[in-house]
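Taking it in order: structure first as structure tokens, then the write-up.
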Amino acid sequence: MNLPSGPPAMQPNSQGNIPSNIPVFRFAKGKGCICWDVNGNRYIDYICGYGPVILGHANEAVNRAVCEQLERGLLFPADSDLIDDLHARLEQLFPGMRMMRCVKTGSEAVASAVRLARAHTGRNIIIRSGFHGWHDQMVAPYRDWHIADAFSGEPDPVLGLPPDAGHVFAWDGRDLNVLSSLLKANENGVAGLIVDPVQLREPIAQNLRGIRELTREYDVLLILDELKTGLRTGLSGVQGRYGVWADIVVLGKAIANGLPLAVVLGPDWAIPLIRKSKLKGTYNSELGSIAAAIATIKEFERLGGVQYLEDRGAELIQGLNATLRSLDLDERVEVTPYRWNCMPYIQFRDHGTGAARKDMFFRTMAARGHLFLRDHMNFIMVAHTAADIRATIQAAGQVFSDLRSDFRHA
């Protein structure tokens, strides 16, 4: 099968030559769920900036809030009441979180949460489960920590890291008995367990409760990294959804609909530790992103965003799977919730020889104006309409139909 002519163009990036099968896009603008590249080609976006865009590109309510704050100024000699307003709203959603620290990236927020845990407990060991950003101690020794690694091969080593992980141990989120053994083996040495909820296995509610019980049994702080799940899975994230509350919470990505903001939330004991642990940053109090977050939460709640994402995600997943069944390809490809319908995942089952067909599918979908991530969860935004979902299902059906003979002769 030949790739349709047209976008995306192949070209080297600033780091040098790129493999010929990787498309490079240059985007000019976005509105709602649509992006346009520099050549005017139109795409329905399921990448959403890897998760931050939850309402839609250039959302009017968020843009208006940011522009109004721009007129008033962005950085003042001391904090603004706007920061208190955001904290008050987040404390309603995450009860007992009396401390809030704003930063710019999820990696920075995770590092801050870990430092708080160590400062409070006086212990050094952190147990991690899932992907927690790009700072050295959290990414070492591998960069891939999503469940999708089981489908995409071995994790790739990251160059330039120190030889150890800085007292950070890994738990894969599968077996609570393994976690219990790890806690017991390092009893009185573990400061905190940080969990990315997408890493948890089913049943999620039961496993989350089990994790909470174990951390209390061993007097270990539970840090929930809700960078991906905050807002998307519920206004209070997975904590409100399942009624299991953490000691420290990390939020980001969708919280400001694409503007750079992440927050760390903690209880009363964390307040004096902010100064003592030197959790500082020049742009921590930048108010454009704060205004965007307040507007994003308000608009997402007004629109019934949680249920909307769930419904549109279910339509996409069910429609794509129905198409695969009709083409007798459902044993080769399956579309599943990456734990939740709002994060659909397209899984190609045939390893090795299926890599070329997988690559061809995503490239051809992009050429036809539908952008997905491979080997990663995708994202639904409020701007996706039922018509957008149907258009994507129809396009995927055409692509899978064209690829069907390739599958059958594999």
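In the structure tokens, each chain is lettered A, B, ... as it comes, each chain's residues begin at 1, and ligands are numbered from 1 in order of appearance.
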
Legend entry - Expected answer as a PyMOL selection string: alpha helix (DSSP H) residues in segment 260-407 of chain A: chain A and resi 271-276+287-302+305-326+355-367+386-407

Test item: residues at most 7 Å from Pro52 of chain A, only C-alpha atoms, excluding those fewer than 3 positions along its chain, as a short mmCIF file (atom, residue, chain, number, x, y, z; two decimals) with all heavy atoms, in the first residue's frame:
```
data_model
loop_
_atom_site.label_atom_id
_atom_site.label_comp_id
_atom_site.auth_asym_id
_atom_site.auth_seq_id
_atom_site.Cartn_x
_atom_site.Cartn_y
_atom_site.Cartn_z
N CYS A 48 -3.63 16.46 21.69
CA CYS A 48 -3.95 17.46 22.71
C CYS A 48 -2.72 17.94 23.48
O CYS A 48 -2.78 18.15 24.69
CB CYS A 48 -5.01 16.94 23.68
SG CYS A 48 -6.54 16.40 22.89
N GLY A 49 -1.59 18.08 22.76
CA GLY A 49 -0.37 18.51 23.43
C GLY A 49 0.11 17.52 24.46
O GLY A 49 0.75 17.90 25.44
N LYS A 253 -0.80 19.52 33.44
CA LYS A 253 -1.35 19.27 32.11
C LYS A 253 -2.67 20.01 31.92
O LYS A 253 -2.69 21.20 31.68
CB LYS A 253 -1.49 17.77 31.86
CG LYS A 253 -0.15 17.07 31.60
CD LYS A 253 -0.36 15.67 31.07
CE LYS A 253 0.94 14.92 30.85
NZ LYS A 253 1.68 15.39 29.66
N ALA A 254 -3.82 19.31 32.05
CA ALA A 254 -5.11 19.87 31.68
C ALA A 254 -5.58 20.99 32.59
O ALA A 254 -6.56 21.67 32.28
CB ALA A 254 -6.17 18.76 31.66
N ASN A 257 -5.51 24.19 30.50
CA ASN A 257 -5.87 24.06 29.08
C ASN A 257 -4.72 24.41 28.14
O ASN A 257 -4.92 25.01 27.09
CB ASN A 257 -7.09 24.93 28.75
CG ASN A 257 -7.73 24.53 27.43
OD1 ASN A 257 -7.98 23.35 27.18
ND2 ASN A 257 -7.99 25.50 26.56
N GLY A 258 -3.51 24.03 28.53
CA GLY A 258 -2.38 24.22 27.63
C GLY A 258 -1.38 25.25 28.09
O GLY A 258 -0.24 25.27 27.59
#
```

Legend entry - Residue among A:Arg72, A:Tyr43, A:Gln137, A:Phe25 lying closest to Thr392 of chain A, counting only C-alpha atoms: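 So, comparing all the options, the nearest one is A:Tyr43.
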
Inset, instruction - Skip Val263 of chain A itself and residues of its chain fewer than 3 positions away, then list as a ChimeraX atom specification all residues within 6 Å of it, counting only C-alpha atoms. - result: /A:101-103,250-251

Legend entry - Distance in Å - atom CA of Phe300 of chain A versus atom CA of Ala113 of chain A: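 So the two atoms, atom CA of Phe300 of chain A and atom CA of Ala113 of chain A, lie 26.1 Å apart.
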
Inset, instruction - Extract, using only C-alpha atoms, all DNA, RNA and protein residues at most 7 Å from Met377 of chain A, discarding same-chain residues fewer than 5 positions from it, and format them as a list of chain:residue names. - result: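 Those residues are A:Tyr338, A:Met343, A:Pro344, A:Tyr345.
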
Legend entry - Close residues, Arg368 of chain A itself excluded, 8 Å, only C-alpha atoms, min 3 positions apart in chain, as a list in words: Tyr43, Thr364, Met365 and Ala395 of chain A

Inset, instruction - Figure out the distance between atom CA of Ala383 of chain A and atom CA of Glu68 of chain A, please, to one decimal in Å. - result: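 The value is 23.0 Å.
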
Inset, instruction - Write out as a PyMOL selection string the residues lying within 8 Å of segment 74-88 of chain A, counting only C-alpha atoms and excluding same-chain residues fewer than 6 positions away. - result: chain A and resi 100+283+285-288+290-291+293-294

Inset, instruction - Tell me which protein, DNA and RNA residues are within 7 Å of Ile223 of chain A, counting only C-alpha atoms, leaving out same-chain ones fewer than 2 positions away, and put them as JSON, numbers by chain. - result: {"A": [192, 193, 194, 195, 221, 225, 246, 247, 248, 249]}

Legend entry - Atomic distance atom CA of Trp171 of chain A - atom CA of Ile125 of chain A, expressed in Å with one decimal: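 Calculated distance between atom CA of Trp171 of chain A and atom CA of Ile125 of chain A is 12.8 Å.
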
Inset, instruction - Run DSSP on the backbone and give me the residues of segment 30-179 of chain A it puts in strand (DSSP E or B), as a list in words. - result: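 The strand (DSSP E or B) residues within segment 30-179 of chain A come out as Gly30, Lys31, Gly32, Ile34, Cys35, Trp36, Asp37, Arg42, Tyr43, Ile44, Asp45, His57, Met99, Met100, Arg101, Cys102, Val103, Ile125, Ile126, Ile127, Arg128, Ser129, Tyr142, Pro157, Val168, Phe169 and Ala170 of chain A.
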
Inset, instruction - Find, counting only C-alpha atoms, the residue in A:Tyr242, A:Met381, A:Tyr50, A:Pro260 that gets nearest to Tyr308 of chain A. - result: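 Checking each of A:Tyr242, A:Met381, A:Tyr50, A:Pro260 against Tyr308 of chain A, counting only C-alpha atoms, the winner is A:Met381.
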
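In this comparison, which uses only C-alpha atoms, the residue of A:Gly51, A:Leu324, A:Leu200, A:Ile127 approaching Thr215 of chain A most closely is A:Ile127.
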
Inset, instruction - Select, from A:Val399, A:Leu182, A:Val220, A:Ala295, the residue with the minimum atom-to-atom distance to Asn124 of chain A, counting only C-alpha atoms. - result: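 With only C-alpha atoms as the atom set, the closest residue is A:Val220.
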